[in-house]
$ cat entry08.cif   # mmCIF, C-alpha atoms
data_final
#
loop_
_atom_site.group_PDB
_atom_site.id
_atom_site.type_symbol
_atom_site.label_atom_id
_atom_site.label_comp_id
_atom_site.auth_asym_id
_atom_site.auth_seq_id
_atom_site.Cartn_x
_atom_site.Cartn_y
_atom_site.Cartn_z
ATOM 1 C CA MET T 27 -2.209 63.147 -8.329
ATOM 2 C CA SER T 28 -1.936 63.660 -12.091
ATOM 3 C CA PRO T 29 1.349 64.689 -13.757
ATOM 4 C CA ARG T 30 -0.380 67.829 -15.251
ATOM 5 C CA ARG T 31 -1.297 69.222 -11.780
ATOM 6 C CA LEU T 32 2.125 68.520 -10.361
ATOM 7 C CA SER T 33 3.792 70.322 -13.280
ATOM 8 C CA GLY T 34 1.554 73.396 -12.912
ATOM 9 C CA LEU T 35 2.268 73.845 -9.220
ATOM 10 C CA SER T 36 5.977 73.468 -9.842
ATOM 11 C CA ILE T 37 5.921 76.162 -12.533
ATOM 12 C CA LEU T 38 3.883 78.497 -10.275
ATOM 13 C CA ALA T 39 6.336 78.101 -7.422
ATOM 14 C CA LEU T 40 9.307 78.653 -9.733
ATOM 15 C CA SER T 41 7.753 81.713 -11.329
ATOM 16 C CA LEU T 42 6.958 83.399 -8.027
ATOM 17 C CA SER T 43 10.421 82.640 -6.751
ATOM 18 C CA LEU T 44 12.106 84.071 -9.865
ATOM 19 C CA ALA T 45 9.863 87.130 -9.893
ATOM 20 C CA LEU T 46 10.620 87.952 -6.301
ATOM 21 C CA SER T 47 14.331 87.444 -6.930
ATOM 22 C CA VAL T 48 14.262 89.844 -9.875
ATOM 23 C CA GLN T 49 12.303 92.404 -7.935
ATOM 24 C CA ALA T 50 14.748 92.200 -5.066
ATOM 25 C CA GLU T 51 17.692 92.950 -7.383
ATOM 26 C CA SER T 52 16.233 95.587 -9.782
ATOM 27 C CA VAL T 53 13.600 97.530 -7.834
ATOM 28 C CA PRO T 54 14.594 99.895 -5.024
ATOM 29 C CA ASP T 55 13.104 99.077 -1.665
ATOM 30 C CA LYS T 56 10.907 102.120 -1.796
ATOM 31 C CA ALA T 57 9.521 101.351 -5.247
ATOM 32 C CA ALA T 58 8.992 97.789 -4.305
ATOM 33 C CA SER T 59 7.147 98.867 -1.199
ATOM 34 C CA SER T 60 4.914 101.209 -3.168
ATOM 35 C CA ALA T 61 4.218 98.420 -5.758
ATOM 36 C CA GLY T 62 2.920 96.152 -2.983
ATOM 37 C CA VAL T 63 5.331 93.299 -3.676
ATOM 38 C CA ALA T 64 7.851 94.010 -0.988
ATOM 39 C CA PRO T 65 8.146 91.426 1.705
ATOM 40 C CA PRO T 66 6.495 92.131 4.987
ATOM 41 C CA SER T 67 8.470 94.001 7.562
ATOM 42 C CA GLY T 68 11.189 91.781 9.040
ATOM 43 C CA VAL T 69 10.771 88.999 6.388
ATOM 44 C CA SER T 70 13.550 88.438 3.881
ATOM 45 C CA MET T 71 13.099 87.293 0.293
ATOM 46 C CA VAL T 72 14.594 83.884 1.143
ATOM 47 C CA GLN T 73 12.053 83.364 3.920
ATOM 48 C CA LEU T 74 9.298 84.413 1.565
ATOM 49 C CA ARG T 75 10.384 81.784 -0.958
ATOM 50 C CA ASP T 76 10.318 79.134 1.813
ATOM 51 C CA LEU T 77 6.779 80.176 2.793
ATOM 52 C CA ILE T 78 5.640 79.893 -0.816
ATOM 53 C CA ALA T 79 7.211 76.412 -1.118
ATOM 54 C CA GLN T 80 5.460 75.346 2.091
ATOM 55 C CA LYS T 81 2.098 76.525 0.778
ATOM 56 C CA VAL T 82 2.647 74.694 -2.497
ATOM 57 C CA SER T 83 3.381 71.490 -0.560
ATOM 58 C CA GLU T 84 0.182 71.919 1.478
ATOM 59 C CA VAL T 85 -1.896 72.380 -1.641
ATOM 60 C CA GLN T 86 -0.282 69.358 -3.251
ATOM 61 C CA ALA T 87 -0.986 67.203 -0.176
ATOM 62 C CA LYS T 88 -4.678 68.206 -0.208
ATOM 63 C CA GLN T 89 -4.981 67.275 -3.893
ATOM 64 C CA GLU T 90 -3.320 63.897 -3.474
ATOM 65 C CA GLY T 91 -5.531 62.854 -0.537
ATOM 66 C CA PRO T 92 -4.646 60.170 2.005
ATOM 67 C CA ALA T 93 -2.284 57.399 1.002
ATOM 68 C CA VAL T 94 -3.996 54.195 -0.114
ATOM 69 C CA VAL T 95 -2.507 50.852 0.800
ATOM 70 C CA ARG T 96 -3.455 48.135 -1.683
ATOM 71 C CA VAL T 97 -3.610 44.614 -0.282
ATOM 72 C CA SER T 98 -3.566 41.784 -2.799
ATOM 73 C CA PRO T 99 -6.043 39.069 -1.958
ATOM 74 C CA SER T 100 -4.351 36.029 -0.483
ATOM 75 C CA ALA T 101 -5.237 32.470 -1.305
ATOM 76 C CA PRO T 102 -7.764 30.953 1.099
ATOM 77 C CA ARG T 103 -6.148 28.916 3.832
ATOM 78 C CA ALA T 104 -6.549 25.193 3.319
ATOM 79 C CA ARG T 105 -8.733 23.480 5.848
ATOM 80 C CA LYS T 106 -6.955 20.931 7.970
ATOM 81 C CA ALA T 107 -8.048 17.421 7.109
ATOM 82 C CA PRO T 108 -9.699 15.539 9.949
ATOM 83 C CA ALA T 109 -7.657 12.921 11.741
ATOM 84 C CA GLY T 110 -7.486 9.660 9.827
ATOM 85 C CA ALA T 111 -8.656 11.169 6.524
ATOM 86 C CA ALA T 112 -5.234 10.808 4.887
ATOM 87 C CA LYS T 113 -5.000 7.207 6.001
ATOM 88 C CA SER T 114 -8.480 6.517 4.678
ATOM 89 C CA ALA T 115 -7.691 8.155 1.336
ATOM 90 C CA GLN T 116 -4.485 6.174 1.097
ATOM 91 C CA ALA T 117 -6.375 2.980 1.730
ATOM 92 C CA LYS T 118 -8.913 3.859 -0.955
ATOM 93 C CA ALA T 119 -6.087 4.557 -3.394
ATOM 94 C CA GLY T 120 -4.653 1.137 -2.622
ATOM 95 C CA HIS T 121 -1.327 2.318 -1.199
ATOM 96 C CA ASP T 122 0.345 0.303 1.545
ATOM 97 C CA VAL T 123 -2.765 -1.766 2.141
ATOM 98 C CA HIS T 124 -2.076 -4.698 4.435
ATOM 99 C CA TRP T 125 -4.877 -7.244 4.266
ATOM 100 C CA ALA T 126 -5.442 -9.426 7.284
ATOM 101 C CA TYR T 127 -7.646 -12.182 8.676
ATOM 102 C CA GLY T 128 -9.542 -9.907 11.073
ATOM 103 C CA GLY T 129 -10.509 -6.307 11.738
ATOM 104 C CA ASP T 130 -11.130 -3.603 9.138
ATOM 105 C CA THR T 131 -8.891 -5.301 6.560
ATOM 106 C CA GLY T 132 -10.224 -8.807 7.179
ATOM 107 C CA PRO T 133 -11.853 -11.181 4.659
ATOM 108 C CA GLU T 134 -15.208 -9.370 4.659
ATOM 109 C CA ASN T 135 -13.490 -6.222 3.367
ATOM 110 C CA TRP T 136 -10.795 -7.657 1.070
ATOM 111 C CA GLY T 137 -12.763 -6.769 -2.033
ATOM 112 C CA GLN T 138 -12.855 -3.090 -1.041
ATOM 113 C CA LEU T 139 -9.168 -2.639 -0.226
ATOM 114 C CA LYS T 140 -7.892 -2.486 -3.821
ATOM 115 C CA PRO T 141 -9.497 -2.582 -7.257
ATOM 116 C CA GLU T 142 -7.507 -5.714 -8.065
ATOM 117 C CA PHE T 143 -9.072 -7.416 -5.019
ATOM 118 C CA LYS T 144 -12.632 -7.059 -6.307
ATOM 119 C CA SER T 145 -12.915 -10.789 -7.088
ATOM 120 C CA CYS T 146 -12.774 -11.435 -3.330
ATOM 121 C CA MET T 147 -16.159 -9.687 -3.133
ATOM 122 C CA LEU T 148 -17.726 -10.223 -6.568
ATOM 123 C CA GLY T 149 -16.339 -13.609 -7.620
ATOM 124 C CA LYS T 150 -18.736 -16.526 -8.155
ATOM 125 C CA ARG T 151 -16.179 -19.354 -7.930
ATOM 126 C CA GLN T 152 -14.358 -18.541 -4.705
ATOM 127 C CA SER T 153 -12.410 -20.813 -2.355
ATOM 128 C CA PRO T 154 -12.401 -22.414 0.140
ATOM 129 C CA ILE T 155 -15.630 -24.385 0.155
ATOM 130 C CA ASP T 156 -17.198 -27.103 2.222
ATOM 131 C CA ILE T 157 -16.627 -30.162 0.028
ATOM 132 C CA ARG T 158 -19.742 -32.301 0.210
ATOM 133 C CA ASP T 159 -22.127 -34.155 -2.098
ATOM 134 C CA GLY T 160 -19.361 -34.791 -4.617
ATOM 135 C CA ILE T 161 -19.945 -37.039 -7.601
ATOM 136 C CA ALA T 162 -18.115 -40.321 -7.034
ATOM 137 C CA VAL T 163 -15.986 -41.072 -10.098
ATOM 138 C CA GLN T 164 -12.694 -42.685 -11.020
ATOM 139 C CA LEU T 165 -10.467 -39.641 -11.322
ATOM 140 C CA GLU T 166 -7.263 -39.639 -13.317
ATOM 141 C CA PRO T 167 -4.356 -40.085 -10.900
ATOM 142 C CA ILE T 168 -2.150 -37.052 -10.321
ATOM 143 C CA GLN T 169 1.318 -37.730 -11.692
ATOM 144 C CA PHE T 170 3.687 -36.328 -9.055
ATOM 145 C CA ASP T 171 7.186 -35.670 -10.369
ATOM 146 C CA TYR T 172 8.820 -34.540 -7.122
ATOM 147 C CA ARG T 173 12.485 -34.884 -6.191
ATOM 148 C CA PRO T 174 14.836 -33.593 -3.454
ATOM 149 C CA THR T 175 15.213 -29.834 -3.973
ATOM 150 C CA PRO T 176 16.895 -26.869 -2.227
ATOM 151 C CA PHE T 177 14.398 -24.593 -0.502
ATOM 152 C CA LYS T 178 14.033 -21.359 1.449
ATOM 153 C CA VAL T 179 11.569 -20.524 4.206
ATOM 154 C CA LEU T 180 9.783 -17.155 4.259
ATOM 155 C CA ASP T 181 7.571 -15.616 6.936
ATOM 156 C CA ASN T 182 5.545 -13.275 4.698
ATOM 157 C CA GLY T 183 3.336 -11.821 7.433
ATOM 158 C CA HIS T 184 0.361 -14.006 6.501
ATOM 159 C CA THR T 185 1.819 -17.510 6.748
ATOM 160 C CA VAL T 186 5.002 -19.573 6.602
ATOM 161 C CA GLN T 187 5.861 -20.134 2.944
ATOM 162 C CA VAL T 188 8.395 -22.527 1.463
ATOM 163 C CA ASN T 189 9.919 -21.476 -1.874
ATOM 164 C CA LEU T 190 11.456 -24.291 -3.897
ATOM 165 C CA GLU T 191 13.902 -24.181 -6.752
ATOM 166 C CA PRO T 192 12.579 -25.420 -10.135
ATOM 167 C CA GLY T 193 12.418 -29.119 -10.825
ATOM 168 C CA ASN T 194 9.177 -30.346 -9.225
ATOM 169 C CA SER T 195 5.924 -30.726 -11.140
ATOM 170 C CA ILE T 196 2.624 -32.529 -11.482
ATOM 171 C CA ALA T 197 0.706 -33.676 -14.546
ATOM 172 C CA VAL T 198 -3.093 -33.938 -14.568
ATOM 173 C CA LEU T 199 -5.796 -33.712 -17.236
ATOM 174 C CA GLY T 200 -3.086 -33.576 -19.885
ATOM 175 C CA GLN T 201 -1.461 -30.460 -18.409
ATOM 176 C CA ARG T 202 1.884 -30.053 -16.633
ATOM 177 C CA TYR T 203 2.198 -27.675 -13.680
ATOM 178 C CA GLU T 204 5.452 -26.543 -12.060
ATOM 179 C CA LEU T 205 5.572 -26.437 -8.241
ATOM 180 C CA LEU T 206 6.328 -22.892 -7.045
ATOM 181 C CA GLN T 207 5.810 -22.947 -3.290
ATOM 182 C CA PHE T 208 3.737 -24.332 -0.480
ATOM 183 C CA HIS T 209 2.401 -22.709 2.662
ATOM 184 C CA PHE T 210 0.223 -23.428 5.696
ATOM 185 C CA HIS T 211 -3.150 -22.386 7.122
ATOM 186 C CA ARG T 212 -4.549 -22.868 10.617
ATOM 187 C CA PRO T 213 -7.195 -24.232 10.817
ATOM 188 C CA SER T 214 -7.760 -25.863 7.436
ATOM 189 C CA GLU T 215 -9.599 -23.549 5.071
ATOM 190 C CA GLU T 216 -11.487 -26.272 3.198
ATOM 191 C CA ARG T 217 -13.863 -28.602 5.001
ATOM 192 C CA ILE T 218 -14.898 -32.141 4.163
ATOM 193 C CA ASN T 219 -18.613 -32.707 4.817
ATOM 194 C CA GLY T 220 -18.467 -29.965 7.425
ATOM 195 C CA ARG T 221 -15.319 -31.206 9.150
ATOM 196 C CA GLN T 222 -12.435 -28.753 9.587
ATOM 197 C CA TYR T 223 -8.901 -30.042 10.220
ATOM 198 C CA PRO T 224 -6.316 -28.431 12.533
ATOM 199 C CA MET T 225 -4.091 -27.350 9.606
ATOM 200 C CA VAL T 226 -3.608 -27.660 5.856
ATOM 201 C CA ALA T 227 -0.694 -27.278 3.441
ATOM 202 C CA HIS T 228 -1.369 -25.745 0.014
ATOM 203 C CA LEU T 229 1.058 -26.774 -2.750
ATOM 204 C CA VAL T 230 0.823 -24.104 -5.467
ATOM 205 C CA HIS T 231 1.627 -25.036 -9.085
ATOM 206 C CA LYS T 232 1.527 -23.048 -12.335
ATOM 207 C CA ASP T 233 1.509 -24.156 -15.976
ATOM 208 C CA ALA T 234 3.172 -22.530 -18.986
ATOM 209 C CA GLU T 235 0.091 -20.370 -19.601
ATOM 210 C CA GLY T 236 0.024 -19.045 -16.060
ATOM 211 C CA LYS T 237 -2.929 -21.142 -14.892
ATOM 212 C CA LEU T 238 -2.783 -22.345 -11.301
ATOM 213 C CA ALA T 239 -3.354 -25.737 -9.715
ATOM 214 C CA VAL T 240 -3.299 -26.259 -5.951
ATOM 215 C CA VAL T 241 -2.859 -29.581 -4.163
ATOM 216 C CA ALA T 242 -4.230 -29.352 -0.618
ATOM 217 C CA VAL T 243 -2.858 -31.715 2.032
ATOM 218 C CA LEU T 244 -5.061 -31.732 5.141
ATOM 219 C CA MET T 245 -3.184 -32.141 8.420
ATOM 220 C CA ASP T 246 -4.460 -33.901 11.504
ATOM 221 C CA GLN T 247 -2.783 -34.372 14.873
ATOM 222 C CA GLY T 248 -0.721 -37.531 15.151
ATOM 223 C CA VAL T 249 2.902 -38.524 14.600
ATOM 224 C CA ALA T 250 5.486 -35.901 13.738
ATOM 225 C CA HIS T 251 5.945 -34.940 10.095
ATOM 226 C CA PRO T 252 9.629 -35.065 9.020
ATOM 227 C CA MET T 253 9.325 -32.574 6.157
ATOM 228 C CA VAL T 254 7.403 -30.046 8.219
ATOM 229 C CA GLN T 255 10.121 -30.295 10.859
ATOM 230 C CA LEU T 256 12.693 -29.313 8.226
ATOM 231 C CA VAL T 257 10.632 -26.189 7.571
ATOM 232 C CA TRP T 258 10.388 -25.318 11.259
ATOM 233 C CA ASN T 259 14.149 -25.795 11.620
ATOM 234 C CA SER T 260 14.738 -23.042 9.052
ATOM 235 C CA LEU T 261 12.175 -20.512 10.248
ATOM 236 C CA PRO T 262 13.544 -16.967 9.749
ATOM 237 C CA LEU T 263 14.053 -14.710 12.753
ATOM 238 C CA GLU T 264 12.100 -11.801 11.241
ATOM 239 C CA LYS T 265 9.018 -11.366 9.076
ATOM 240 C CA GLY T 266 9.910 -10.683 5.467
ATOM 241 C CA MET T 267 13.210 -12.559 5.771
ATOM 242 C CA GLU T 268 13.947 -15.635 3.667
ATOM 243 C CA GLN T 269 16.055 -18.343 5.295
ATOM 244 C CA ARG T 270 17.835 -20.937 3.150
ATOM 245 C CA SER T 271 17.797 -24.491 4.501
ATOM 246 C CA PRO T 272 21.090 -26.392 4.679
ATOM 247 C CA VAL T 273 19.290 -29.568 3.575
ATOM 248 C CA MET T 274 16.993 -30.433 0.681
ATOM 249 C CA MET T 275 13.252 -31.057 0.672
ATOM 250 C CA ASP T 276 11.762 -34.260 -0.782
ATOM 251 C CA MET T 277 8.218 -33.209 -1.620
ATOM 252 C CA ASN T 278 7.102 -36.821 -2.036
ATOM 253 C CA LEU T 279 7.272 -37.047 1.755
ATOM 254 C CA MET T 280 4.828 -34.155 2.068
ATOM 255 C CA LEU T 281 2.097 -36.275 0.486
ATOM 256 C CA PRO T 282 -0.096 -38.906 2.165
ATOM 257 C CA ALA T 283 0.340 -42.529 1.161
ATOM 258 C CA GLU T 284 -3.139 -42.655 -0.372
ATOM 259 C CA ARG T 285 -3.406 -40.344 -3.397
ATOM 260 C CA LEU T 286 -7.197 -40.193 -3.971
ATOM 261 C CA TYR T 287 -8.545 -36.664 -4.075
ATOM 262 C CA TYR T 288 -11.523 -34.311 -4.453
ATOM 263 C CA THR T 289 -11.447 -31.758 -7.257
ATOM 264 C CA TYR T 290 -13.341 -28.620 -8.194
ATOM 265 C CA MET T 291 -12.706 -25.199 -9.773
ATOM 266 C CA GLY T 292 -12.171 -22.309 -7.404
ATOM 267 C CA SER T 293 -9.887 -19.405 -6.585
ATOM 268 C CA LEU T 294 -6.914 -18.363 -4.527
ATOM 269 C CA THR T 295 -7.918 -18.129 -0.868
ATOM 270 C CA THR T 296 -5.966 -14.895 -0.366
ATOM 271 C CA PRO T 297 -6.127 -11.555 -2.210
ATOM 272 C CA PRO T 298 -6.461 -10.995 -5.121
ATOM 273 C CA CYS T 299 -8.702 -14.133 -4.949
ATOM 274 C CA THR T 300 -7.988 -14.981 -8.589
ATOM 275 C CA GLU T 301 -10.474 -17.469 -10.020
ATOM 276 C CA GLY T 302 -9.891 -20.277 -12.495
ATOM 277 C CA VAL T 303 -7.758 -22.284 -10.055
ATOM 278 C CA LEU T 304 -7.870 -26.093 -10.278
ATOM 279 C CA TRP T 305 -8.179 -27.519 -6.766
ATOM 280 C CA MET T 306 -7.198 -31.057 -5.791
ATOM 281 C CA VAL T 307 -7.778 -31.858 -2.108
ATOM 282 C CA MET T 308 -6.196 -35.078 -0.918
ATOM 283 C CA LYS T 309 -8.731 -37.322 0.812
ATOM 284 C CA GLN T 310 -6.256 -38.813 3.279
ATOM 285 C CA PRO T 311 -4.753 -36.281 5.715
ATOM 286 C CA ALA T 312 -1.119 -36.150 6.765
ATOM 287 C CA THR T 313 -0.213 -35.856 10.444
ATOM 288 C CA LEU T 314 1.704 -33.385 12.608
ATOM 289 C CA SER T 315 2.657 -33.787 16.222
ATOM 290 C CA HIS T 316 1.098 -31.630 18.900
ATOM 291 C CA GLU T 317 4.417 -29.809 19.276
ATOM 292 C CA GLN T 318 4.718 -29.145 15.536
ATOM 293 C CA MET T 319 1.215 -27.679 15.440
ATOM 294 C CA GLY T 320 2.097 -25.548 18.442
ATOM 295 C CA VAL T 321 5.019 -23.964 16.592
ATOM 296 C CA PHE T 322 2.768 -22.635 13.847
ATOM 297 C CA ALA T 323 -0.006 -21.698 16.294
ATOM 298 C CA ARG T 324 2.374 -19.362 18.142
ATOM 299 C CA MET T 325 3.093 -17.536 14.896
ATOM 300 C CA TYR T 326 -0.353 -17.650 13.284
ATOM 301 C CA PRO T 327 -3.186 -18.672 15.620
ATOM 302 C CA MET T 328 -5.723 -18.174 12.809
ATOM 303 C CA ASN T 329 -5.033 -17.502 9.137
ATOM 304 C CA ALA T 330 -7.929 -19.177 7.353
ATOM 305 C CA ARG T 331 -10.439 -17.528 5.034
ATOM 306 C CA PRO T 332 -14.086 -18.340 5.858
ATOM 307 C CA ILE T 333 -16.009 -20.861 3.769
ATOM 308 C CA GLN T 334 -17.363 -19.464 0.483
ATOM 309 C CA PRO T 335 -20.630 -20.474 -1.245
ATOM 310 C CA ALA T 336 -20.287 -23.528 -3.472
ATOM 311 C CA ALA T 337 -22.884 -21.953 -5.791
ATOM 312 C CA GLY T 338 -23.770 -25.245 -7.469
ATOM 313 C CA ARG T 339 -20.251 -26.058 -8.596
ATOM 314 C CA MET T 340 -19.328 -29.489 -9.849
ATOM 315 C CA ILE T 341 -17.368 -31.403 -7.193
ATOM 316 C CA LYS T 342 -15.813 -34.745 -8.030
ATOM 317 C CA GLU T 343 -14.719 -37.327 -5.508
ATOM 318 C CA GLY T 344 -12.104 -39.868 -6.534
ATOM 319 C CA GLN T 345 -12.799 -43.560 -5.892
#
$ encode --input "entry08.cif" --output "structure tokens"
Amino acid sequence: MSPRRLSGLSILALSLSLALSVQAESVPDKAASSAGVAPPSGVSMVQLRDLIAQKVSEVQAKQEGPAVVRVSPSAPRARKAPAGAAKSAQAKAGHDVHWAYGGDTGPENWGQLKPEFKSCMLGKRQSPIDIRDGIAVQLEPIQFDYRPTPFKVLDNGHTVQVNLEPGNSIAVLGQRYELLQFHFHRPSEERINGRQYPMVAHLVHKDAEGKLAVVAVLMDQGVAHPMVQLVWNSLPLEKGMEQRSPVMMDMNLMLPAERLYYTYMGSLTTPPCTEGVLWMVMKQPATLSHEQMGVFARMYPMNARPIQPAAGRMIKEGQ
């Protein structure tokens, strides 16, 4: 209802009320009756005013019409995501992705788990490979500068890894590489003319420019290995824990007596599968006892990446 209508009705009601009041005080009952403004028989002036007010209210209600309730539009309710969608989106975003050696996050899918893993899928110089048809040459000997060193053993959820304090290095092709750590795979990732060994140890080195060089020591079943036993003695009780050994590790004893090797350019064998890694695979394997192999097999029955295409790479075999 508009303010103009409301004001007019109010004035009308007030005017009638005042007029009747004045008539009641100044005009005798008889004159009032003859003028036609006297209240009906038995109705007082007060009652008449109430009747007029009631009529005004009725008229006002008719003009205003029924009350209107305005409802503001609410935001549309979000649809519930299907089960597993959040987990899938998280995996695509690369959060909390745990790569593995089998299942949906196994080697075939490593390259799709994170953008930084794309080399696992698109790389052209991936490792491991089946080492065969190498060119027989006289390779420069690897200069091993290893000495007894404190170490810690870590079960990182993918393998048993041994972290060594600085002080061990190799020199090859005019470049010096510092030994960072070594770890194990079962069975061996690399093959020699199609043959796969029960285990392998990868000794990971890095130079001042960040380039990597890996010395691979193949492991066959035979006599017990004293250095590997030191590692098993310090295995941590939980994954992700790092256990310090009370003794030191002499890395010279991790190597076979014969130091001839195969060499080629490849990659890391685990995500992110970084390429440009210099590989040196010792031709003579070391040995582990059946019991020592059984210790690792209980923890990691299989943690080897499948063979990757050699793609015409140069492979040299030391003579």
$ resolve_selection --input "entry08.cif" --expression "the PyMOL selection byres ((chain T and resi 167-184) around 8)" --output "PyMOL selection string"
chain T and resi 126+165-166+185-191+193-198+257+260-262+264-271+273-278+285-286+326+329
$ residues_around --input "entry08.cif" --residues "T:Gln318" --least-positions-apart "5" --cutoff "12 Å" --atoms "only C-alpha atoms" --output "ChimeraX atom specification"
/T:224-225,245-259,313,323-325
$ resolve_selection --input "entry08.cif" --expression "the PyMOL selection byres ((chain T and resi 143-154) around 6)" --output "list in words"
Gly137, Lys140, Pro141, Glu142, Ile155, Glu215, Glu216, Gly292, Ser293, Thr295, Pro297, Pro298, Cys299, Ile333 and Gln334 of chain T
$ atom_distance --input "entry08.cif" --atom1 "atom CA of T:Asn135" --atom2 "atom CA of T:Phe322"
25.4 Å
$ closest_residue --input "entry08.cif" --among "T:Ser214, T:Thr289, T:Gln164, T:Thr131" --to "T:Trp305" --atoms "all atoms listed in the file"
T:Thr289
$ resolve_selection --input "entry08.cif" --expression "the PyMOL selection byres ((chain T and resi 290) around 12)" --output "PyMOL selection string"
chain T and resi 151-158+160-161+165+216+239-242+287-289+291-293+301-307+336-344
$ atom_distance --input "entry08.cif" --atom1 "atom CA of T:Leu279" --atom2 "atom CA of T:Leu238"
22.1 Å
$ atom_distance --input "entry08.cif" --atom1 "atom CA of T:Glu284" --atom2 "atom CA of T:His231"
20.2 Å
$ decode --input "entry08.cif" --residues "stretch 272-323 of chain T" --atoms "C-alpha atoms" --output "CSV table (one decimal), in the first residue's frame"
chain,number,residue,atom,x,y,z
T,272,PRO,CA,77.6,-49.6,15.8
T,273,VAL,CA,80.3,-50.7,13.4
T,274,MET,CA,81.8,-49.2,10.2
T,275,MET,CA,81.3,-50.3,6.6
T,276,ASP,CA,84.4,-51.0,4.4
T,277,MET,CA,82.9,-50.6,0.9
T,278,ASN,CA,85.9,-52.3,-0.7
T,279,LEU,CA,84.5,-55.5,0.7
T,280,MET,CA,81.3,-54.9,-1.2
T,281,LEU,CA,83.1,-55.3,-4.5
T,282,PRO,CA,84.1,-58.5,-6.3
T,283,ALA,CA,87.8,-59.3,-6.7
T,284,GLU,CA,87.7,-58.9,-10.4
T,285,ARG,CA,86.9,-55.2,-11.4
T,286,LEU,CA,86.1,-55.5,-15.1
T,287,TYR,CA,82.7,-54.0,-16.0
T,288,TYR,CA,80.1,-53.2,-18.7
T,289,THR,CA,79.1,-49.6,-19.2
T,290,TYR,CA,76.4,-47.7,-20.9
T,291,MET,CA,74.3,-44.5,-20.5
T,292,GLY,CA,70.9,-45.0,-18.9
T,293,SER,CA,68.6,-43.7,-16.1
T,294,LEU,CA,67.5,-44.3,-12.5
T,295,THR,CA,65.5,-47.5,-12.3
T,296,THR,CA,63.0,-45.9,-9.9
T,297,PRO,CA,60.8,-42.7,-10.3
T,298,PRO,CA,61.5,-40.1,-11.5
T,299,CYS,CA,63.6,-42.3,-13.9
T,300,THR,CA,66.1,-39.5,-14.5
T,301,GLU,CA,68.3,-40.0,-17.6
T,302,GLY,CA,71.9,-39.2,-18.1
T,303,VAL,CA,73.1,-41.8,-15.6
T,304,LEU,CA,76.5,-43.5,-16.2
T,305,TRP,CA,76.1,-47.2,-15.5
T,306,MET,CA,79.0,-49.5,-14.7
T,307,VAL,CA,77.9,-53.2,-14.1
T,308,MET,CA,80.6,-55.4,-12.6
T,309,LYS,CA,81.1,-58.5,-14.7
T,310,GLN,CA,82.0,-60.8,-11.8
T,311,PRO,CA,79.1,-61.2,-9.3
T,312,ALA,CA,79.4,-61.2,-5.5
T,313,THR,CA,77.8,-64.0,-3.5
T,314,LEU,CA,75.2,-64.1,-0.7
T,315,SER,CA,74.2,-67.1,1.3
T,316,HIS,CA,70.8,-68.7,1.0
T,317,GLU,CA,69.9,-67.4,4.4
T,318,GLN,CA,71.1,-63.8,3.6
T,319,MET,CA,68.9,-63.8,0.4
T,320,GLY,CA,66.0,-65.1,2.5
T,321,VAL,CA,66.2,-62.1,4.8
T,322,PHE,CA,65.7,-59.7,2.0
T,323,ALA,CA,63.1,-61.9,0.2
